[in-house]
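Asks: The structure follows.
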Amino acid sequence: MTINPNAKMEETQSGTEVYSIDPLIVKSHYEIDYIHSYAQDSEFFRALGKKKIMGSKCKKCGYTYATPRSHCMMCGAETEWYQLPNTGKVHTFTTCYFGSEEFLKETPFNLIMVEFENVDSLFMARLIGADLDDLYVGMPVTAKFRRNQKFSPTDVYFVPVAQPEKKKRR
Amino acid sequence: MYYSELMKHTGRNVYMVSGGVTKFAKATPEMDFRLRVKKAFDYAMDDVHLTLNDIDGSVASYFADHFQRQLMSGIMVQDYLGLTPKPSKRVEGGGATGGLAFQTGYEEIASGRMDTCAVYGFETMSHVNTWKGNEFIALASDTNFDYPVGGFYTGYYAMMAVRHMHEFGTTVEQLAKVSVKNHKNAIHNPYAQSPMNLTVNDVRNSPMVAYPLTRLDVCTMSDGAAVSILASEEKAFEITDRPVLIKSIGTGTDTMRLSDRPMGKVPLLPNEKESDYSGLKYPGVHSFRAGRTAAKEAYDGAGITDPIEELDLIELHDAYTSSEIQTYEDLGLCKYGEGGKFIEEGKSELKGKIPVNPSGGLLASGHPVGATGIMQSVFMFWQLQRTVKKHFKDDYLQLNNPKRGLIHSHAGTGTYVTATIMEAVK
Ligand SMILES: [Zn+2]
């Protein structure tokens, strides 16, 4: 027989963090590790270890992508891997002084969109080695690669090519 | 490639018959999302003396499951409101969730499936801190290529604004003027989160978030709810003698990644010609092709050929001051490149040529994502009904006899955009 009217849930020493009693507000923790597959984009991340930025090119219509995609948005055909040059120009830029929690400790940081010659689309990246006042649309930039790969798009980042002329933008 | 002329709305006429909004606030922990929707819902129901039996079904509008760590929040609201077992569905599309849900409600009526439909929107963003909230929102960017680089929506919009400034000579002072206008309008909106009397200098001197956008160029996180009740023609005039016709809807989309935006040609509105844009690579990252596509479909549906002359007011998705300026252009209120001048000349001011965001918009009313697009419909409804005084206890914002307005809801970096035309019937 297992019937026990005196059964009692075990008490533990762990508690709950309470922020407010009325209304009752408590801390609720959540954490998770995802098993994230880069799937058809995998080659891009592997290639960064070989100091190559791989975009894609449509096999049918020839449209070229600086950020790879395995099928073409213009015609729906399959694309093939296409190596991008390691230099390009700043299409647009910003400096972030705040950010998402994950990147807050890295602020301020520069974000740029890179345009490559004869490539139809752009590539988003970090730019280091320049302050906001140095940045301008059209600024020549060159890719650098992390030695210790993290398999993140930030394994490639950009630096200014030459001493940029001072812009009197602001 | 763009919206096809063949798409025609041949369904039944759809009207909005009532609306309700909670006061948007940074945090309202004394109420959860269900109670917040209930308050907005009861306001809307009581305003036209409806009971639960009068509602045929509903659409739930909310964006991020992350914010509440509660899946299927929509059914919890349906349940709390007492609307089970009636039909309902959730609609989600980032920042445009509200606009899309409102249009889904329209479709429920237009198709003949329902005679009345409640569209309820909500978001509770106060469960996490602002920077975690920004992280959740940034997960609405490509997590392979965009998010890991420094996922931050203000950063993305800042890059678009810089390109707009480069392309067209838009200035930071012009951006700031949008903030001044919208915060000032909100002083007379009792539902608004951040009414403020500001100057251009105040906006420029507030902390830089991502150049050129300062804290006052960017909307806030909010808790809030909003409800619209839609009805067929027959039902609408039974419910109220002053319903508002939902004349037409338009929706556009664009690539998830900003980097993929084409450099093509502008899809022209009837009031534009190809020579207006020679040499302009469109949309690039300076303009919203989805916004233009949505506007074009909505204008075609309403027979509008000259938007600035044929619309009396607009409530648009000003998550950033820069996106309000970009949207003037997408909606064809002025040509691409003239958005900065448009605000500078005061055309979108409350007393201007066409008031834009008389409610204060997202910048000043707040942006509880799933509620936002519904809130716009409610403020537009009250304007077109000429009942602003009744609901705001202040008639300062009531426009003089407005006949036709446009509401605009916008997601991501311009990935989903909706435009809906509403018309006064009396
Ligand atoms: Zn192709």
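Ligands are numbered from 1 in the order shown, residues from 1 within each chain, and chains are lettered A, B, ... in the order they appear in the structure tokens.
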Enumerate as a list in words the residues within 6 Å of ligand 1, counting only C-alpha atoms and all ligand atoms.

Replies: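 Listing the residues within 6 Å of ligand 1 gives Cys58, Lys60, Cys61, Gly62, Tyr63, Cys72, Met74, Cys75, Gly76 and Ala77 of chain A.
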
Asks: Quick one: which residues from chain B are at most 9 Å off chain A, using only C-alpha atoms, as a PyMOL selection string?

Replies: chain B and resi 29-31+69+129-138+144-146+148-156+158-163+166+207-212+255+257-263+285

Asks: Pick out each residue of chain A that DSSP on the backbone tags as helix (DSSP H, G or I); I need them as a list of chain:residue names.

Replies: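 These are the residues in question: A:Ala39, A:Gln40, A:Asp41, A:Ser42, A:Glu43, A:Phe44, A:Phe45, A:Arg46, A:Ala47, A:Leu48, A:Glu101, A:Glu102, A:Phe103, A:Leu104, A:Lys105, A:Glu106, A:Leu132, A:Asp133, A:Asp134, A:Pro153, A:Thr154, A:Asp155.
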
Asks: Please write the residues from the selection above to a file, keeping N, CA, C and O atoms, as a short mmCIF file (atom, residue, chain, number, x, y, z; two decimals), in the first residue's frame.

Replies:
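Below you can see selection-v3.cif, which holds the result:
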data_model
loop_
_atom_site.label_atom_id
_atom_site.label_comp_id
_atom_site.auth_asym_id
_atom_site.auth_seq_id
_atom_site.Cartn_x
_atom_site.Cartn_y
_atom_site.Cartn_z
N ALA A 39 23.56 25.44 -42.06
CA ALA A 39 22.92 24.78 -43.20
C ALA A 39 23.53 25.21 -44.54
O ALA A 39 24.75 25.15 -44.70
N GLN A 40 22.70 25.69 -45.46
CA GLN A 40 23.21 26.02 -46.79
C GLN A 40 24.15 27.22 -46.80
O GLN A 40 24.80 27.49 -47.81
N ASP A 41 24.24 27.95 -45.67
CA ASP A 41 25.16 29.07 -45.59
C ASP A 41 26.52 28.66 -45.01
O ASP A 41 27.42 29.50 -44.84
N SER A 42 26.70 27.39 -44.69
CA SER A 42 27.90 26.93 -43.97
C SER A 42 29.21 27.34 -44.63
O SER A 42 30.16 27.75 -43.94
N GLU A 43 29.28 27.25 -45.95
CA GLU A 43 30.54 27.49 -46.65
C GLU A 43 31.06 28.91 -46.39
O GLU A 43 32.26 29.13 -46.28
N PHE A 44 30.15 29.86 -46.26
CA PHE A 44 30.56 31.24 -45.98
C PHE A 44 31.40 31.29 -44.71
O PHE A 44 32.47 31.92 -44.68
N PHE A 45 30.93 30.62 -43.66
CA PHE A 45 31.60 30.69 -42.36
C PHE A 45 32.91 29.91 -42.37
O PHE A 45 33.91 30.34 -41.80
N ARG A 46 32.94 28.78 -43.07
CA ARG A 46 34.18 28.01 -43.17
C ARG A 46 35.23 28.80 -43.93
O ARG A 46 36.39 28.84 -43.55
N ALA A 47 34.80 29.47 -45.01
CA ALA A 47 35.75 30.17 -45.89
C ALA A 47 36.43 31.34 -45.20
O ALA A 47 37.55 31.71 -45.55
N LEU A 48 35.77 31.94 -44.20
CA LEU A 48 36.39 33.07 -43.51
C LEU A 48 37.71 32.64 -42.86
O LEU A 48 38.64 33.43 -42.73
N GLU A 101 21.69 43.97 -25.42
CA GLU A 101 22.44 43.57 -24.22
C GLU A 101 23.70 42.78 -24.56
O GLU A 101 24.77 43.04 -24.01
N GLU A 102 23.60 41.88 -25.53
CA GLU A 102 24.74 41.04 -25.89
C GLU A 102 25.93 41.87 -26.36
O GLU A 102 27.08 41.47 -26.21
N PHE A 103 25.67 43.02 -26.98
CA PHE A 103 26.77 43.80 -27.57
C PHE A 103 27.05 45.09 -26.81
O PHE A 103 27.91 45.87 -27.21
N LEU A 104 26.32 45.32 -25.72
CA LEU A 104 26.43 46.58 -24.98
C LEU A 104 27.86 46.84 -24.53
O LEU A 104 28.37 47.96 -24.60
N LYS A 105 28.54 45.77 -24.10
CA LYS A 105 29.91 45.93 -23.59
C LYS A 105 30.89 46.30 -24.71
O LYS A 105 32.01 46.72 -24.43
N GLU A 106 30.49 46.12 -25.96
CA GLU A 106 31.39 46.43 -27.08
C GLU A 106 31.21 47.86 -27.58
O GLU A 106 31.93 48.31 -28.47
N LEU A 132 33.88 57.86 -35.60
CA LEU A 132 32.74 58.39 -36.34
C LEU A 132 33.16 59.56 -37.25
O LEU A 132 32.76 59.62 -38.41
N ASP A 133 33.99 60.44 -36.73
CA ASP A 133 34.39 61.62 -37.51
C ASP A 133 35.22 61.26 -38.74
O ASP A 133 35.36 62.06 -39.66
N ASP A 134 35.78 60.07 -38.75
CA ASP A 134 36.60 59.64 -39.89
C ASP A 134 35.75 59.00 -40.99
O ASP A 134 36.21 58.87 -42.13
N PRO A 153 29.75 35.88 -38.42
CA PRO A 153 30.08 36.79 -39.53
C PRO A 153 31.12 37.84 -39.12
O PRO A 153 31.72 38.48 -39.98
N THR A 154 31.34 37.99 -37.81
CA THR A 154 32.37 38.96 -37.38
C THR A 154 33.78 38.37 -37.46
O THR A 154 34.75 39.02 -37.08
N ASP A 155 33.91 37.13 -37.98
CA ASP A 155 35.25 36.60 -38.27
C ASP A 155 35.90 37.44 -39.36
O ASP A 155 37.11 37.42 -39.52
#

Asks: Just list the residues in region 204-360 of chain B DSSP gives strand (DSSP E or B) on the backbone, as an MDAnalysis selection string.

Replies: chainID B and resid 208:210 213:214 218 223:232 244:253 263:264 282:283 313:315 320 356

Asks: Export, as a PDB file, in the first residue's frame, the selected residues with C-alpha atoms.

Replies:
ATOM      1  CA  MET B 208      23.462  59.728 -29.075  1.00  0.00           C
ATOM      2  CA  VAL B 209      22.150  56.176 -29.535  1.00  0.00           C
ATOM      3  CA  ALA B 210      23.517  55.460 -33.030  1.00  0.00           C
ATOM      4  CA  LEU B 213      19.816  59.141 -34.064  1.00  0.00           C
ATOM      5  CA  THR B 214      19.627  60.435 -30.498  1.00  0.00           C
ATOM      6  CA  VAL B 218      13.809  56.854 -31.260  1.00  0.00           C
ATOM      7  CA  ASP B 223       3.219  48.138 -22.183  1.00  0.00           C
ATOM      8  CA  GLY B 224      -0.116  48.627 -23.836  1.00  0.00           C
ATOM      9  CA  ALA B 225      -3.190  47.272 -25.575  1.00  0.00           C
ATOM     10  CA  ALA B 226      -5.610  48.489 -28.226  1.00  0.00           C
ATOM     11  CA  VAL B 227      -8.820  47.106 -29.709  1.00  0.00           C
ATOM     12  CA  SER B 228     -10.738  47.806 -32.917  1.00  0.00           C
ATOM     13  CA  ILE B 229     -14.156  46.432 -33.680  1.00  0.00           C
ATOM     14  CA  LEU B 230     -15.002  45.937 -37.344  1.00  0.00           C
ATOM     15  CA  ALA B 231     -18.343  45.166 -38.932  1.00  0.00           C
ATOM     16  CA  SER B 232     -20.150  44.575 -42.211  1.00  0.00           C
ATOM     17  CA  VAL B 244     -15.932  54.692 -40.496  1.00  0.00           C
ATOM     18  CA  LEU B 245     -15.469  52.942 -43.835  1.00  0.00           C
ATOM     19  CA  ILE B 246     -12.267  50.986 -44.385  1.00  0.00           C
ATOM     20  CA  LYS B 247     -11.969  51.933 -48.010  1.00  0.00           C
ATOM     21  CA  SER B 248      -8.934  49.921 -49.100  1.00  0.00           C
ATOM     22  CA  ILE B 249      -5.909  48.031 -47.856  1.00  0.00           C
ATOM     23  CA  GLY B 250      -2.371  47.630 -49.200  1.00  0.00           C
ATOM     24  CA  THR B 251       0.552  45.504 -48.090  1.00  0.00           C
ATOM     25  CA  GLY B 252       4.150  45.323 -49.245  1.00  0.00           C
ATOM     26  CA  THR B 253       7.201  43.275 -48.328  1.00  0.00           C
ATOM     27  CA  MET B 263      19.266  49.063 -56.707  1.00  0.00           C
ATOM     28  CA  GLY B 264      16.497  49.324 -59.280  1.00  0.00           C
ATOM     29  CA  TYR B 282      15.960  52.231 -55.607  1.00  0.00           C
ATOM     30  CA  PRO B 283      15.216  51.280 -52.906  1.00  0.00           C
ATOM     31  CA  LEU B 313      -4.442  63.072 -42.220  1.00  0.00           C
ATOM     32  CA  ILE B 314      -2.001  60.237 -41.686  1.00  0.00           C
ATOM     33  CA  GLU B 315      -0.965  58.125 -38.726  1.00  0.00           C
ATOM     34  CA  TYR B 320      12.452  56.667 -35.770  1.00  0.00           C
ATOM     35  CA  VAL B 356       1.003  63.436 -39.876  1.00  0.00           C
TER      36      VAL B 356
END

Asks: Which one is closest to Asn13 (chain B): B:Pro243, B:Gly57, B:Gly98, B:Pro355? Count only C-alpha atoms.

Replies: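 The answer is B:Pro243, which sits nearest to Asn13 (chain B).
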
Asks: Please compute the CA of Glu338 (chain B)-CA of Pro402 (chain B) distance, one decimal, in Å.

Replies: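 Computed distance, CA of Glu338 (chain B) to CA of Pro402 (chain B), equals 25.0 Å.
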
Asks: Any idea what the distance is between CA of Val77 (chain B) and CA of Val369 (chain B)?

Replies: 16.2 Å

Asks: Got a sec: who's within 8 Å of region 305-309 of chain B, counting only C-alpha atoms, leaving out chain neighbours fewer than 6 positions off, as a list in words?

Replies: Leu269, Pro270, Asn271, Tyr299, Leu331, Gly332, Leu333, Cys334, Lys353 and Ile354 of chain B

Asks: Between CA of Ala192 (chain B) and CA of Met375 (chain B), what is the distance in Å, rounded to a tenth?

Replies: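 About the pair CA of Ala192 (chain B) and CA of Met375 (chain B): they are 10.5 Å apart.
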
Asks: Taking 5 positions as the minimum chain separation for residues in the same chain, which residues sit within 12 Å of Ser275 (chain B) when counting only C-alpha atoms? Answer as a ChimeraX atom specification.

Replies: /B:265-266,268,280,335

Asks: Print the selection's residues with all heavy atoms to a file, as a PDB file, in the first residue's frame.

Replies:
ATOM      1  N   LYS B 265      14.540  50.518 -60.010  1.00  0.00           N
ATOM      2  CA  LYS B 265      13.752  51.702 -60.369  1.00  0.00           C
ATOM      3  C   LYS B 265      12.614  51.908 -59.379  1.00  0.00           C
ATOM      4  O   LYS B 265      12.094  50.949 -58.812  1.00  0.00           O
ATOM      5  CB  LYS B 265      13.139  51.510 -61.760  1.00  0.00           C
ATOM      6  CG  LYS B 265      14.115  51.744 -62.886  1.00  0.00           C
ATOM      7  CD  LYS B 265      13.366  51.662 -64.203  1.00  0.00           C
ATOM      8  CE  LYS B 265      14.262  52.038 -65.366  1.00  0.00           C
ATOM      9  NZ  LYS B 265      13.522  51.893 -66.635  1.00  0.00           N
ATOM     10  N   VAL B 266      12.178  53.138 -59.242  1.00  0.00           N
ATOM     11  CA  VAL B 266      11.063  53.474 -58.347  1.00  0.00           C
ATOM     12  C   VAL B 266       9.748  53.011 -58.970  1.00  0.00           C
ATOM     13  O   VAL B 266       9.461  53.369 -60.112  1.00  0.00           O
ATOM     14  CB  VAL B 266      10.997  55.000 -58.117  1.00  0.00           C
ATOM     15  CG1 VAL B 266       9.814  55.358 -57.209  1.00  0.00           C
ATOM     16  CG2 VAL B 266      12.305  55.524 -57.524  1.00  0.00           C
ATOM     17  N   LEU B 268       6.343  53.778 -59.701  1.00  0.00           N
ATOM     18  CA  LEU B 268       5.779  55.128 -59.699  1.00  0.00           C
ATOM     19  C   LEU B 268       4.327  55.174 -59.246  1.00  0.00           C
ATOM     20  O   LEU B 268       3.539  54.280 -59.541  1.00  0.00           O
ATOM     21  CB  LEU B 268       5.874  55.727 -61.108  1.00  0.00           C
ATOM     22  CG  LEU B 268       7.294  55.872 -61.663  1.00  0.00           C
ATOM     23  CD1 LEU B 268       7.233  56.318 -63.120  1.00  0.00           C
ATOM     24  CD2 LEU B 268       8.139  56.839 -60.841  1.00  0.00           C
ATOM     25  N   LEU B 280      18.488  57.540 -59.677  1.00  0.00           N
ATOM     26  CA  LEU B 280      18.274  57.066 -58.307  1.00  0.00           C
ATOM     27  C   LEU B 280      18.220  55.543 -58.283  1.00  0.00           C
ATOM     28  O   LEU B 280      17.443  54.931 -59.003  1.00  0.00           O
ATOM     29  CB  LEU B 280      16.969  57.645 -57.738  1.00  0.00           C
ATOM     30  CG  LEU B 280      16.655  57.255 -56.283  1.00  0.00           C
ATOM     31  CD1 LEU B 280      17.691  57.824 -55.315  1.00  0.00           C
ATOM     32  CD2 LEU B 280      15.257  57.700 -55.886  1.00  0.00           C
ATOM     33  N   LYS B 335       8.093  63.927 -53.333  1.00  0.00           N
ATOM     34  CA  LYS B 335       8.950  63.040 -54.124  1.00  0.00           C
ATOM     35  C   LYS B 335      10.071  62.478 -53.251  1.00  0.00           C
ATOM     36  O   LYS B 335      10.411  63.048 -52.209  1.00  0.00           O
ATOM     37  CB  LYS B 335       9.549  63.817 -55.295  1.00  0.00           C
ATOM     38  CG  LYS B 335       8.506  64.205 -56.316  1.00  0.00           C
ATOM     39  CD  LYS B 335       9.138  64.568 -57.653  1.00  0.00           C
ATOM     40  CE  LYS B 335       8.067  64.805 -58.691  1.00  0.00           C
ATOM     41  NZ  LYS B 335       7.268  66.024 -58.428  1.00  0.00           N
TER      42      LYS B 335
END

Asks: I'd like the neighbourhood of region 171-180 of chain B as a PyMOL selection string, where a residue qualifies if any of its atoms comes within 8 Å (using only C-alpha atoms), though same-chain residues fewer than 6 positions away should be ignored.

Replies: chain B and resi 165+197-200+203-204+212+216-217+321-322+324-325+340-341+343-344+363

Asks: Under the rule that only C-alpha atoms are counted, which of A:Glu78, A:Lys57, A:Ala162, A:Lys8 is the nearest residue to Met139 (chain A)?

Replies: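 The shortest atom-to-atom distance to Met139 (chain A) comes from A:Ala162.
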
Asks: Near Thr87 (chain A), counting only C-alpha atoms, which residues have an atom at most 8 Å away, once you skip same-chain residues fewer than 6 positions from it, shown as a PyMOL selection string?

Replies: chain A and resi 116+140-143
